[in-house]
file upload38.pdb (PDB, C-alpha atoms, pLDDT in the B column)
ATOM      1  CA  MET A1114       0.233 -13.495  -4.024  1.00 53.00           C
ATOM      2  CA  ILE A1115      -0.490 -16.084  -6.715  1.00 86.00           C
ATOM      3  CA  SER A1116       2.190 -18.510  -5.593  1.00 93.00           C
ATOM      4  CA  LYS A1117       3.426 -21.651  -7.315  1.00 96.00           C
ATOM      5  CA  THR A1118       6.387 -23.897  -6.585  1.00 98.00           C
ATOM      6  CA  LEU A1119       8.367 -24.788  -9.693  1.00 98.00           C
ATOM      7  CA  TYR A1120      10.973 -27.545 -10.015  1.00 98.00           C
ATOM      8  CA  ALA A1121      13.598 -28.281 -12.653  1.00 98.00           C
ATOM      9  CA  LEU A1122      14.992 -31.808 -12.335  1.00 98.00           C
ATOM     10  CA  GLN A1123      18.664 -32.391 -13.128  1.00 98.00           C
ATOM     11  CA  VAL A1124      19.396 -36.109 -13.146  1.00 98.00           C
ATOM     12  CA  LYS A1125      21.717 -38.576 -14.781  1.00 97.00           C
ATOM     13  CA  ILE A1126      20.028 -40.820 -17.327  1.00 98.00           C
ATOM     14  CA  GLY A1127      21.196 -44.412 -17.561  1.00 97.00           C
ATOM     15  CA  THR A1128      20.446 -47.377 -19.792  1.00 97.00           C
ATOM     16  CA  ASP A1129      18.130 -49.034 -17.244  1.00 98.00           C
ATOM     17  CA  PHE A1130      14.693 -47.698 -18.115  1.00 98.00           C
ATOM     18  CA  GLU A1131      13.100 -48.943 -14.886  1.00 98.00           C
ATOM     19  CA  PHE A1132      15.780 -47.262 -12.786  1.00 98.00           C
ATOM     20  CA  ASN A1133      15.282 -43.972 -14.634  1.00 98.00           C
ATOM     21  CA  LEU A1134      11.543 -44.054 -13.986  1.00 98.00           C
ATOM     22  CA  LYS A1135      11.990 -44.903 -10.311  1.00 98.00           C
ATOM     23  CA  LYS A1136      14.439 -42.014  -9.962  1.00 98.00           C
ATOM     24  CA  VAL A1137      11.919 -39.540 -11.321  1.00 98.00           C
ATOM     25  CA  LEU A1138       9.160 -40.983  -9.130  1.00 98.00           C
ATOM     26  CA  THR A1139      11.370 -40.651  -6.055  1.00 98.00           C
ATOM     27  CA  LEU A1140      12.049 -36.998  -6.808  1.00 98.00           C
ATOM     28  CA  LEU A1141       8.382 -36.425  -7.596  1.00 97.00           C
ATOM     29  CA  ASP A1142       7.481 -37.689  -4.120  1.00 96.00           C
ATOM     30  CA  GLN A1143       9.822 -35.067  -2.649  1.00 96.00           C
ATOM     31  CA  CYS A1144       8.113 -32.195  -4.461  1.00 97.00           C
ATOM     32  CA  GLN A1145       5.370 -30.163  -2.864  1.00 96.00           C
ATOM     33  CA  GLU A1146       1.780 -30.956  -3.726  1.00 94.00           C
ATOM     34  CA  ASP A1147       0.274 -28.833  -6.476  1.00 95.00           C
ATOM     35  CA  SER A1148       3.749 -27.949  -7.769  1.00 97.00           C
ATOM     36  CA  ILE A1149       4.904 -28.055 -11.396  1.00 98.00           C
ATOM     37  CA  ILE A1150       7.928 -30.189 -12.289  1.00 98.00           C
ATOM     38  CA  CYS A1151       9.953 -30.326 -15.511  1.00 98.00           C
ATOM     39  CA  THR A1152      12.254 -33.260 -16.311  1.00 98.00           C
ATOM     40  CA  PRO A1153      15.163 -33.479 -18.750  1.00 98.00           C
ATOM     41  CA  GLU A1154      14.385 -34.574 -22.295  1.00 98.00           C
ATOM     42  CA  VAL A1155      13.794 -38.340 -22.816  1.00 98.00           C
ATOM     43  CA  VAL A1156      14.554 -38.839 -19.121  1.00 98.00           C
ATOM     44  CA  PHE A1157      13.224 -42.412 -18.998  1.00 98.00           C
ATOM     45  CA  SER A1158      15.355 -43.868 -21.777  1.00 98.00           C
ATOM     46  CA  GLY A1159      17.845 -41.356 -23.082  1.00 98.00           C
ATOM     47  CA  PHE A1160      18.363 -41.340 -26.835  1.00 98.00           C
ATOM     48  CA  ALA A1161      18.223 -45.118 -27.005  1.00 97.00           C
ATOM     49  CA  TYR A1162      18.918 -45.318 -30.729  1.00 97.00           C
ATOM     50  CA  GLN A1163      19.903 -48.994 -30.533  1.00 97.00           C
ATOM     51  CA  HIS A1164      16.758 -49.833 -28.537  1.00 98.00           C
ATOM     52  CA  MET A1165      14.035 -47.633 -29.970  1.00 98.00           C
ATOM     53  CA  GLU A1166      11.349 -50.331 -29.981  1.00 98.00           C
ATOM     54  CA  GLU A1167      12.034 -51.163 -26.327  1.00 98.00           C
ATOM     55  CA  ALA A1168      12.039 -47.474 -25.402  1.00 98.00           C
ATOM     56  CA  ALA A1169       8.708 -46.911 -27.116  1.00 98.00           C
ATOM     57  CA  GLU A1170       7.185 -49.904 -25.336  1.00 98.00           C
ATOM     58  CA  PHE A1171       8.532 -48.692 -22.011  1.00 98.00           C
ATOM     59  CA  SER A1172       6.988 -45.273 -22.641  1.00 98.00           C
ATOM     60  CA  LYS A1173       3.585 -46.962 -22.423  1.00 98.00           C
ATOM     61  CA  ILE A1174       4.486 -48.222 -18.956  1.00 98.00           C
ATOM     62  CA  ALA A1175       5.888 -44.842 -17.929  1.00 98.00           C
ATOM     63  CA  THR A1176       2.741 -43.081 -19.142  1.00 98.00           C
ATOM     64  CA  GLN A1177       0.416 -45.284 -17.107  1.00 98.00           C
ATOM     65  CA  THR A1178       2.636 -44.949 -14.042  1.00 98.00           C
ATOM     66  CA  LEU A1179       2.764 -41.155 -14.337  1.00 98.00           C
ATOM     67  CA  LEU A1180      -0.987 -40.851 -14.715  1.00 98.00           C
ATOM     68  CA  GLU A1181      -1.250 -42.291 -11.213  1.00 97.00           C
ATOM     69  CA  ALA A1182       1.820 -40.520  -9.801  1.00 97.00           C
ATOM     70  CA  THR A1183       0.678 -37.026 -10.842  1.00 97.00           C
ATOM     71  CA  LYS A1184      -2.636 -36.959  -8.990  1.00 96.00           C
ATOM     72  CA  ASN A1185      -1.330 -34.037  -6.916  1.00 95.00           C
ATOM     73  CA  HIS A1186       1.319 -32.631  -9.269  1.00 96.00           C
ATOM     74  CA  THR A1187       1.936 -31.389 -12.775  1.00 98.00           C
ATOM     75  CA  LEU A1188       4.811 -32.976 -14.716  1.00 98.00           C
ATOM     76  CA  ILE A1189       6.298 -31.896 -18.041  1.00 98.00           C
ATOM     77  CA  THR A1190       8.477 -34.570 -19.637  1.00 98.00           C
ATOM     78  CA  THR A1191       9.363 -36.124 -22.994  1.00 98.00           C
ATOM     79  CA  MET A1192       9.542 -39.736 -24.133  1.00 98.00           C
ATOM     80  CA  ILE A1193      10.144 -41.853 -27.204  1.00 98.00           C
ATOM     81  CA  GLU A1194       6.872 -43.053 -28.748  1.00 98.00           C
ATOM     82  CA  LYS A1195       5.950 -44.881 -31.938  1.00 98.00           C
ATOM     83  CA  ASN A1196       3.100 -43.986 -34.257  1.00 95.00           C
ATOM     84  CA  HIS A1197       2.442 -45.603 -37.650  1.00 92.00           C
ATOM     85  CA  GLN A1198       5.899 -47.209 -37.727  1.00 94.00           C
ATOM     86  CA  HIS A1199       7.632 -43.890 -37.016  1.00 98.00           C
ATOM     87  CA  PHE A1200       9.306 -42.759 -33.797  1.00 98.00           C
ATOM     88  CA  PHE A1201       8.669 -39.360 -32.236  1.00 98.00           C
ATOM     89  CA  ASN A1202      10.160 -37.445 -29.323  1.00 98.00           C
ATOM     90  CA  ASN A1203       6.905 -36.506 -27.603  1.00 98.00           C
ATOM     91  CA  LEU A1204       6.542 -33.855 -24.935  1.00 98.00           C
ATOM     92  CA  LYS A1205       3.658 -34.644 -22.605  1.00 98.00           C
ATOM     93  CA  VAL A1206       2.056 -32.696 -19.773  1.00 98.00           C
ATOM     94  CA  PHE A1207       0.630 -34.767 -16.916  1.00 98.00           C
ATOM     95  CA  HIS A1208      -1.725 -32.748 -14.727  1.00 97.00           C
ATOM     96  CA  LYS A1209      -3.636 -34.237 -11.821  1.00 94.00           C
ATOM     97  CA  GLY A1210      -3.823 -37.679 -13.359  1.00 94.00           C
ATOM     98  CA  GLU A1211      -4.518 -36.638 -16.937  1.00 97.00           C
ATOM     99  CA  ILE A1212      -2.532 -35.781 -20.061  1.00 98.00           C
ATOM    100  CA  VAL A1213      -3.568 -32.198 -20.842  1.00 98.00           C
ATOM    101  CA  HIS A1214      -1.126 -31.457 -23.663  1.00 98.00           C
ATOM    102  CA  LYS A1215       1.141 -33.267 -26.103  1.00 98.00           C
ATOM    103  CA  GLN A1216       3.523 -32.058 -28.798  1.00 98.00           C
ATOM    104  CA  SER A1217       6.096 -33.855 -30.930  1.00 98.00           C
ATOM    105  CA  LYS A1218       9.571 -32.368 -31.275  1.00 98.00           C
ATOM    106  CA  ASN A1219       9.580 -30.239 -34.410  1.00 98.00           C
ATOM    107  CA  LYS A1220      13.251 -29.238 -34.666  1.00 98.00           C
ATOM    108  CA  LEU A1221      15.549 -32.263 -34.691  1.00 98.00           C
ATOM    109  CA  PHE A1222      19.219 -31.853 -33.769  1.00 98.00           C
ATOM    110  CA  ALA A1223      21.252 -32.945 -36.801  1.00 96.00           C
ATOM    111  CA  LEU A1224      24.548 -32.870 -34.888  1.00 95.00           C
ATOM    112  CA  GLY A1225      23.126 -35.657 -32.755  1.00 96.00           C
ATOM    113  CA  ASP A1226      21.638 -37.557 -35.722  1.00 97.00           C
ATOM    114  CA  GLU A1227      18.102 -37.115 -34.376  1.00 98.00           C
ATOM    115  CA  GLN A1228      16.717 -36.814 -37.917  1.00 98.00           C
ATOM    116  CA  LEU A1229      17.950 -40.359 -38.634  1.00 97.00           C
ATOM    117  CA  HIS A1230      15.837 -41.833 -35.849  1.00 98.00           C
ATOM    118  CA  PHE A1231      12.859 -39.529 -35.297  1.00 98.00           C
ATOM    119  CA  CYS A1232      10.171 -37.965 -37.435  1.00 98.00           C
ATOM    120  CA  ALA A1233       9.606 -34.276 -36.867  1.00 98.00           C
ATOM    121  CA  GLY A1234       6.303 -33.189 -35.403  1.00 98.00           C
ATOM    122  CA  SER A1235       4.178 -30.361 -36.731  1.00 98.00           C
ATOM    123  CA  GLU A1236       5.119 -26.830 -35.715  1.00 98.00           C
ATOM    124  CA  ASP A1237       1.411 -26.224 -35.084  1.00 98.00           C
ATOM    125  CA  GLU A1238       1.598 -28.542 -32.072  1.00 98.00           C
ATOM    126  CA  ILE A1239       3.818 -25.998 -30.300  1.00 98.00           C
ATOM    127  CA  ALA A1240       1.003 -24.052 -28.715  1.00 97.00           C
ATOM    128  CA  PRO A1241      -0.054 -22.751 -25.287  1.00 97.00           C
ATOM    129  CA  PHE A1242      -1.771 -25.041 -22.804  1.00 98.00           C
ATOM    130  CA  TYR A1243      -3.287 -24.444 -19.392  1.00 97.00           C
ATOM    131  CA  VAL A1244      -2.356 -25.814 -15.980  1.00 96.00           C
ATOM    132  CA  ASP A1245      -5.387 -24.834 -13.947  1.00 90.00           C
ATOM    133  CA  SER A1246      -5.687 -21.175 -15.010  1.00 92.00           C
ATOM    134  CA  ILE A1247      -1.976 -20.663 -15.754  1.00 96.00           C
ATOM    135  CA  LYS A1248      -1.093 -20.181 -19.402  1.00 97.00           C
ATOM    136  CA  CYS A1249       1.929 -22.368 -20.211  1.00 98.00           C
ATOM    137  CA  ALA A1250       3.987 -23.444 -23.206  1.00 98.00           C
ATOM    138  CA  ALA A1251       7.048 -25.578 -23.933  1.00 98.00           C
ATOM    139  CA  LEU A1252      10.044 -25.845 -26.238  1.00 98.00           C
ATOM    140  CA  ASN A1253      11.899 -29.139 -26.510  1.00 98.00           C
ATOM    141  CA  CYS A1254      15.706 -28.706 -26.276  1.00 98.00           C
ATOM    142  CA  PHE A1255      17.024 -27.705 -29.752  1.00 98.00           C
ATOM    143  CA  GLU A1256      13.776 -25.817 -30.418  1.00 98.00           C
ATOM    144  CA  LEU A1257      15.083 -23.197 -27.975  1.00 98.00           C
ATOM    145  CA  ARG A1258      17.358 -21.853 -30.739  1.00 98.00           C
ATOM    146  CA  PHE A1259      14.550 -20.912 -33.147  1.00 98.00           C
ATOM    147  CA  ILE A1260      13.198 -17.381 -32.782  1.00 96.00           C
ATOM    148  CA  ASP A1261      10.111 -18.208 -34.860  1.00 96.00           C
ATOM    149  CA  LEU A1262       9.188 -20.762 -32.211  1.00 98.00           C
ATOM    150  CA  TRP A1263       9.609 -18.153 -29.481  1.00 97.00           C
ATOM    151  CA  LYS A1264       6.697 -16.351 -31.112  1.00 96.00           C
ATOM    152  CA  ARG A1265       4.567 -19.478 -30.794  1.00 97.00           C
ATOM    153  CA  VAL A1266       5.051 -19.538 -27.010  1.00 98.00           C
ATOM    154  CA  GLN A1267       4.782 -15.772 -26.548  1.00 96.00           C
ATOM    155  CA  GLY A1268       2.164 -14.805 -23.988  1.00 96.00           C
ATOM    156  CA  ALA A1269       2.633 -17.868 -21.799  1.00 98.00           C
ATOM    157  CA  ASP A1270       3.245 -17.154 -18.114  1.00 97.00           C
ATOM    158  CA  ILE A1271       5.525 -20.196 -17.753  1.00 98.00           C
ATOM    159  CA  ILE A1272       7.632 -21.734 -20.534  1.00 98.00           C
ATOM    160  CA  PHE A1273       9.170 -25.167 -19.968  1.00 99.00           C
ATOM    161  CA  VAL A1274      12.360 -26.350 -21.647  1.00 99.00           C
ATOM    162  CA  PRO A1275      13.194 -30.055 -21.173  1.00 98.00           C
ATOM    163  CA  ALA A1276      16.636 -30.675 -22.649  1.00 98.00           C
ATOM    164  CA  GLN A1277      19.672 -32.873 -23.204  1.00 98.00           C
ATOM    165  CA  TRP A1278      22.047 -29.998 -23.923  1.00 98.00           C
ATOM    166  CA  GLY A1279      25.762 -30.713 -24.331  1.00 97.00           C
ATOM    167  CA  LYS A1280      28.278 -29.191 -21.921  1.00 97.00           C
ATOM    168  CA  GLN A1281      30.309 -27.677 -24.777  1.00 97.00           C
ATOM    169  CA  ARG A1282      27.381 -25.304 -25.322  1.00 98.00           C
ATOM    170  CA  LYS A1283      26.509 -24.718 -21.663  1.00 98.00           C
ATOM    171  CA  ASP A1284      26.782 -20.933 -21.862  1.00 98.00           C
ATOM    172  CA  GLN A1285      24.521 -20.872 -24.915  1.00 98.00           C
ATOM    173  CA  PHE A1286      21.874 -22.936 -23.124  1.00 98.00           C
ATOM    174  CA  GLU A1287      21.868 -20.739 -20.052  1.00 98.00           C
ATOM    175  CA  THR A1288      21.958 -17.514 -22.078  1.00 98.00           C
ATOM    176  CA  LEU A1289      19.098 -18.555 -24.354  1.00 98.00           C
ATOM    177  CA  CYS A1290      16.925 -19.640 -21.413  1.00 98.00           C
ATOM    178  CA  LYS A1291      17.482 -16.333 -19.632  1.00 98.00           C
ATOM    179  CA  ALA A1292      16.835 -14.376 -22.814  1.00 98.00           C
ATOM    180  CA  LEU A1293      13.630 -16.346 -23.383  1.00 98.00           C
ATOM    181  CA  ALA A1294      12.375 -15.328 -19.936  1.00 98.00           C
ATOM    182  CA  ILE A1295      13.251 -11.661 -20.373  1.00 97.00           C
ATOM    183  CA  ALA A1296      12.032 -11.332 -23.962  1.00 97.00           C
ATOM    184  CA  ASN A1297       8.737 -13.070 -23.230  1.00 97.00           C
ATOM    185  CA  GLN A1298       8.349 -11.520 -19.766  1.00 97.00           C
ATOM    186  CA  SER A1299       7.614 -14.978 -18.425  1.00 98.00           C
ATOM    187  CA  PHE A1300       8.964 -17.610 -16.100  1.00 98.00           C
ATOM    188  CA  VAL A1301      11.164 -20.252 -17.696  1.00 98.00           C
ATOM    189  CA  VAL A1302      11.736 -23.684 -16.174  1.00 98.00           C
ATOM    190  CA  ALA A1303      14.673 -25.362 -17.916  1.00 98.00           C
ATOM    191  CA  SER A1304      15.657 -28.941 -17.104  1.00 98.00           C
ATOM    192  CA  ASP A1305      18.837 -30.499 -18.473  1.00 98.00           C
ATOM    193  CA  GLY A1306      20.426 -33.903 -17.913  1.00 98.00           C
ATOM    194  CA  ALA A1307      23.304 -34.332 -15.452  1.00 98.00           C
ATOM    195  CA  ASN A1308      25.384 -36.909 -17.322  1.00 98.00           C
ATOM    196  CA  ASP A1309      29.063 -36.075 -17.784  1.00 97.00           C
ATOM    197  CA  THR A1310      28.492 -34.877 -21.349  1.00 97.00           C
ATOM    198  CA  MET A1311      25.576 -32.619 -20.402  1.00 98.00           C
ATOM    199  CA  ALA A1312      25.602 -28.896 -19.627  1.00 98.00           C
ATOM    200  CA  LYS A1313      23.413 -29.154 -16.513  1.00 98.00           C
ATOM    201  CA  GLY A1314      22.322 -25.540 -15.943  1.00 98.00           C
ATOM    202  CA  SER A1315      18.791 -26.547 -14.918  1.00 98.00           C
ATOM    203  CA  SER A1316      17.039 -23.468 -13.612  1.00 98.00           C
ATOM    204  CA  VAL A1317      13.938 -21.501 -12.759  1.00 98.00           C
ATOM    205  CA  ILE A1318      14.155 -17.997 -14.256  1.00 98.00           C
ATOM    206  CA  THR A1319      11.859 -15.074 -13.469  1.00 98.00           C
ATOM    207  CA  PRO A1320      10.530 -12.457 -15.920  1.00 97.00           C
ATOM    208  CA  TYR A1321      13.084 -10.057 -14.393  1.00 96.00           C
ATOM    209  CA  GLY A1322      15.898 -12.402 -15.388  1.00 97.00           C
ATOM    210  CA  VAL A1323      16.627 -13.665 -11.865  1.00 97.00           C
ATOM    211  CA  VAL A1324      18.051 -17.196 -12.178  1.00 98.00           C
ATOM    212  CA  TYR A1325      17.669 -19.931  -9.576  1.00 98.00           C
ATOM    213  CA  LYS A1326      20.076 -22.761 -10.386  1.00 97.00           C
ATOM    214  CA  ASN A1327      22.530 -25.144  -8.755  1.00 98.00           C
ATOM    215  CA  ASP A1328      24.500 -27.617 -10.871  1.00 98.00           C
ATOM    216  CA  LYS A1329      25.134 -29.811  -7.810  1.00 97.00           C
ATOM    217  CA  LYS A1330      21.461 -30.528  -7.127  1.00 97.00           C
ATOM    218  CA  GLU A1331      19.133 -33.077  -8.685  1.00 98.00           C
ATOM    219  CA  CYS A1332      16.180 -30.811  -8.034  1.00 97.00           C
ATOM    220  CA  VAL A1333      16.268 -27.029  -8.522  1.00 98.00           C
ATOM    221  CA  GLN A1334      13.349 -25.333  -6.783  1.00 97.00           C
ATOM    222  CA  ALA A1335      11.823 -21.871  -6.589  1.00 98.00           C
ATOM    223  CA  GLN A1336       8.569 -20.581  -5.160  1.00 97.00           C
ATOM    224  CA  VAL A1337       7.389 -17.787  -7.427  1.00 97.00           C
ATOM    225  CA  ASP A1338       4.744 -15.084  -7.560  1.00 96.00           C
ATOM    226  CA  LEU A1339       3.061 -15.499 -10.927  1.00 95.00           C
ATOM    227  CA  ARG A1340       1.871 -11.889 -10.857  1.00 94.00           C
ATOM    228  CA  GLU A1341       5.403 -10.888 -11.842  1.00 95.00           C
ATOM    229  CA  THR A1342       4.511 -11.619 -15.475  1.00 96.00           C
ATOM    230  CA  SER A1343       1.571  -9.205 -15.467  1.00 95.00           C
ATOM    231  CA  LYS A1344       3.630  -6.534 -13.681  1.00 94.00           C
ATOM    232  CA  MET A1345       6.366  -6.729 -16.294  1.00 94.00           C
ATOM    233  CA  ARG A1346       3.869  -6.643 -19.158  1.00 96.00           C
ATOM    234  CA  LYS A1347       1.972  -3.715 -17.633  1.00 94.00           C
ATOM    235  CA  TYR A1348       4.925  -1.442 -16.867  1.00 94.00           C
ATOM    236  CA  ILE A1349       7.377  -2.484 -19.602  1.00 95.00           C
ATOM    237  CA  GLN A1350       4.967  -2.703 -22.490  1.00 94.00           C
ATOM    238  CA  THR A1351       6.173  -4.757 -25.429  1.00 94.00           C
ATOM    239  CA  GLY A1352       2.776  -5.881 -26.636  1.00 92.00           C
ATOM    240  CA  ILE A1353       2.586  -9.173 -24.737  1.00 94.00           C
ATOM    241  CA  GLN A1354      -0.844 -10.047 -23.392  1.00 89.00           C
ATOM    242  CA  ILE A1355      -1.477  -9.756 -19.643  1.00 91.00           C
ATOM    243  CA  ASN A1356      -3.026 -13.000 -18.388  1.00 89.00           C
ATOM    244  CA  LEU A1357      -3.105 -12.804 -14.594  1.00 69.00           C
TER     245      LEU A1357
END
call {"tool": "encode", "arguments": {"input": "upload38.pdb", "output": "structure tokens"}}
result
Amino acid sequence: MISKTLYALQVKIGTDFEFNLKKVLTLLDQCQEDSIICTPEVVFSGFAYQHMEEAAEFSKIATQTLLEATKNHTLITTMIEKNHQHFFNNLKVFHKGEIVHKQSKNKLFALGDEQLHFCAGSEDEIAPFYVDSIKCAALNCFELRFIDLWKRVQGADIIFVPAQWGKQRKDQFETLCKALAIANQSFVVASDGANDTMAKGSSVITPYGVVYKNDKKECVQAQVDLRETSKMRKYIQTGIQINL
């Protein structure tokens, strides 16, 4: 069995950046070594629209801290960063003390005024990356709704979805995540915030559509057999590449 322990964090995000970081670090310490962990979107600051400069500066601190804290883990998270006087919502993959992948959020959520505060990243940045020999990919929250972007992550064995998804659309979030797993014959690790306005619904979903979730937990965990992706792709052939 090619086994891997996957975690979807489900935490409340406050206005104290330091507290948010310490919370994630505490949960990270509780995760098994060599596991893969996904956090909610902008987990260290929230959408700090009134404090974007401070959030971007704190992201530098968070990045350096996570480089040390992920010596024995892989962490997928997003943070507010500034580049050439513009702010971006950047997804970053920390793997064994290094940043192995980065992509800026391409689809900004107009209902939340994201386009007024962030610049959109290039769609080309949404591309597979590798964690050891595992082919992975990620969609950042609102990007989950765009079928064209599903094609960009097709073929990945694990797809990560960090999110701040509103509770009014909880069923849509959970349905789309499950559909993403089934359609792509992959594992999906979806991590949503736990604030009162958020949908929660953080989960680990198998290629068969089996969902591991618990809205009462800060950390949703599942140990999975990664060969399930190749089995699905071999016996239910839809043209997706077999990786494992």
call {"tool": "atom_distance", "arguments": {"input": "upload38.pdb", "atom1": "CA of Lys1218 in chain A", "atom2": "CA of Asp1261 in chain A"}}
result
14.6 Å
call {"tool": "closest_atom_pairs", "arguments": {"input": "upload38.pdb", "of": "range 1280-1308 of chain A", "to": "range 1128-1151 of chain A", "cutoff": "10 Å", "atoms": "only C-alpha atoms", "output": "tab-separated table"}}
result
residue	atom	partner	partner_atom	distance
A:Val1302	CA	A:Cys1151	CA	6.9
A:Ala1303	CA	A:Cys1151	CA	7.3
A:Ser1304	CA	A:Cys1151	CA	6.1
A:Asp1305	CA	A:Cys1151	CA	9.4
call {"tool": "axis_aligned_box", "arguments": {"input": "upload38.pdb", "around": "range 1300-1318 of chain A", "padding_each_side": "4 Å", "output": "AutoDock Vina command-line options"}}
result
--center_x 19.0 --center_y -27.3 --center_z -17.1 --size_x 28.1 --size_y 27.3 --size_z 16.6
call {"tool": "closest_residue", "arguments": {"input": "upload38.pdb", "among": "A:Cys1249, A:Ile1239, A:Leu1262, A:Ala1121", "to": "Leu1339 in chain A", "atoms": "only C-alpha atoms"}}
result
A:Cys1249
call {"tool": "resolve_selection", "arguments": {"input": "upload38.pdb", "expression": "the PyMOL selection byres ((chain A and resi 1257) around 9)", "output": "list of chain:residue names"}}
result
A:Leu1252, A:Asn1253, A:Cys1254, A:Phe1255, A:Glu1256, A:Arg1258, A:Phe1259, A:Ile1260, A:Leu1262, A:Trp1263, A:Val1274, A:Phe1286, A:Leu1289, A:Cys1290, A:Leu1293
call {"tool": "closest_residue", "arguments": {"input": "upload38.pdb", "among": "A:Ile1193, A:Val1317, A:Ala1269, A:Met1345", "to": "Tyr1162 in chain A", "atoms": "all atoms listed in the file"}}
result
A:Ile1193
call {"tool": "atom_distance", "arguments": {"input": "upload38.pdb", "atom1": "CA of Asn1219 in chain A", "atom2": "CA of Glu1236 in chain A"}}
result
5.8 Å
call {"tool": "residues_around", "arguments": {"input": "upload38.pdb", "residues": "Lys1209 in chain A", "least_positions_apart": "2", "cutoff": "10 Å", "atoms": "all atoms listed in the file", "output": "PDB file with C-alpha atoms, in the frame of the given file"}}
result
ATOM      1  CA  ASP A1147       0.274 -28.833  -6.476  1.00 95.00           C
ATOM      2  CA  LEU A1179       2.764 -41.155 -14.337  1.00 98.00           C
ATOM      3  CA  LEU A1180      -0.987 -40.851 -14.715  1.00 98.00           C
ATOM      4  CA  GLU A1181      -1.250 -42.291 -11.213  1.00 97.00           C
ATOM      5  CA  ALA A1182       1.820 -40.520  -9.801  1.00 97.00           C
ATOM      6  CA  THR A1183       0.678 -37.026 -10.842  1.00 97.00           C
ATOM      7  CA  LYS A1184      -2.636 -36.959  -8.990  1.00 96.00           C
ATOM      8  CA  ASN A1185      -1.330 -34.037  -6.916  1.00 95.00           C
ATOM      9  CA  HIS A1186       1.319 -32.631  -9.269  1.00 96.00           C
ATOM     10  CA  THR A1187       1.936 -31.389 -12.775  1.00 98.00           C
ATOM     11  CA  LEU A1188       4.811 -32.976 -14.716  1.00 98.00           C
ATOM     12  CA  VAL A1206       2.056 -32.696 -19.773  1.00 98.00           C
ATOM     13  CA  PHE A1207       0.630 -34.767 -16.916  1.00 98.00           C
ATOM     14  CA  GLU A1211      -4.518 -36.638 -16.937  1.00 97.00           C
ATOM     15  CA  ILE A1212      -2.532 -35.781 -20.061  1.00 98.00           C
ATOM     16  CA  VAL A1213      -3.568 -32.198 -20.842  1.00 98.00           C
ATOM     17  CA  VAL A1244      -2.356 -25.814 -15.980  1.00 96.00           C
ATOM     18  CA  ASP A1245      -5.387 -24.834 -13.947  1.00 90.00           C
TER      19      ASP A1245
END
call {"tool": "resolve_selection", "arguments": {"input": "upload38.pdb", "expression": "the PyMOL selection byres ((chain A and resi 1170) around 12)", "output": "PDB file with C-alpha atoms, in the coordinates of the input"}}
result
ATOM      1  CA  PHE A1130      14.693 -47.698 -18.115  1.00 98.00           C
ATOM      2  CA  PHE A1157      13.224 -42.412 -18.998  1.00 98.00           C
ATOM      3  CA  SER A1158      15.355 -43.868 -21.777  1.00 98.00           C
ATOM      4  CA  HIS A1164      16.758 -49.833 -28.537  1.00 98.00           C
ATOM      5  CA  MET A1165      14.035 -47.633 -29.970  1.00 98.00           C
ATOM      6  CA  GLU A1166      11.349 -50.331 -29.981  1.00 98.00           C
ATOM      7  CA  GLU A1167      12.034 -51.163 -26.327  1.00 98.00           C
ATOM      8  CA  ALA A1168      12.039 -47.474 -25.402  1.00 98.00           C
ATOM      9  CA  ALA A1169       8.708 -46.911 -27.116  1.00 98.00           C
ATOM     10  CA  PHE A1171       8.532 -48.692 -22.011  1.00 98.00           C
ATOM     11  CA  SER A1172       6.988 -45.273 -22.641  1.00 98.00           C
ATOM     12  CA  LYS A1173       3.585 -46.962 -22.423  1.00 98.00           C
ATOM     13  CA  ILE A1174       4.486 -48.222 -18.956  1.00 98.00           C
ATOM     14  CA  ALA A1175       5.888 -44.842 -17.929  1.00 98.00           C
ATOM     15  CA  THR A1176       2.741 -43.081 -19.142  1.00 98.00           C
ATOM     16  CA  GLN A1177       0.416 -45.284 -17.107  1.00 98.00           C
ATOM     17  CA  MET A1192       9.542 -39.736 -24.133  1.00 98.00           C
ATOM     18  CA  ILE A1193      10.144 -41.853 -27.204  1.00 98.00           C
ATOM     19  CA  GLU A1194       6.872 -43.053 -28.748  1.00 98.00           C
ATOM     20  CA  LYS A1195       5.950 -44.881 -31.938  1.00 98.00           C
ATOM     21  CA  ASN A1196       3.100 -43.986 -34.257  1.00 95.00           C
ATOM     22  CA  PHE A1200       9.306 -42.759 -33.797  1.00 98.00           C
TER      23      PHE A1200
END
call {"tool": "residues_around", "arguments": {"input": "upload38.pdb", "residues": "Asn1356 in chain A", "least_positions_apart": "2", "cutoff": "8 Å", "atoms": "only C-alpha atoms", "output": "PyMOL selection string"}}
result
chain A and resi 1248+1268+1270+1343+1354
call {"tool": "write_last_selection", "arguments": {"input": "upload38.pdb", "atoms": "C-alpha atoms", "output": "PDB file, in the coordinates of the input"}}
result
ATOM      1  CA  LYS A1248      -1.093 -20.181 -19.402  1.00 97.00           C
ATOM      2  CA  GLY A1268       2.164 -14.805 -23.988  1.00 96.00           C
ATOM      3  CA  ASP A1270       3.245 -17.154 -18.114  1.00 97.00           C
ATOM      4  CA  SER A1343       1.571  -9.205 -15.467  1.00 95.00           C
ATOM      5  CA  GLN A1354      -0.844 -10.047 -23.392  1.00 89.00           C
TER       6      GLN A1354
END
call {"tool": "resolve_selection", "arguments": {"input": "upload38.pdb", "expression": "the PyMOL selection byres ((chain A and resi 1337) around 12)", "output": "VMD selection string"}}
result
chain A and resid 1114 to 1120 1148 to 1149 1270 to 1271 1299 to 1302 1317 to 1321 1323 to 1325 1334 to 1336 1338 to 1342
call {"tool": "atom_distance", "arguments": {"input": "upload38.pdb", "atom1": "CA of Gln1281 in chain A", "atom2": "CA of Lys1313 in chain A"}}
result
10.9 Å
call {"tool": "closest_residue", "arguments": {"input": "upload38.pdb", "among": "A:Val1266, A:Cys1232, A:Leu1204, A:Ala1294", "to": "Lys1220 in chain A", "atoms": "only C-alpha atoms"}}
result
A:Cys1232
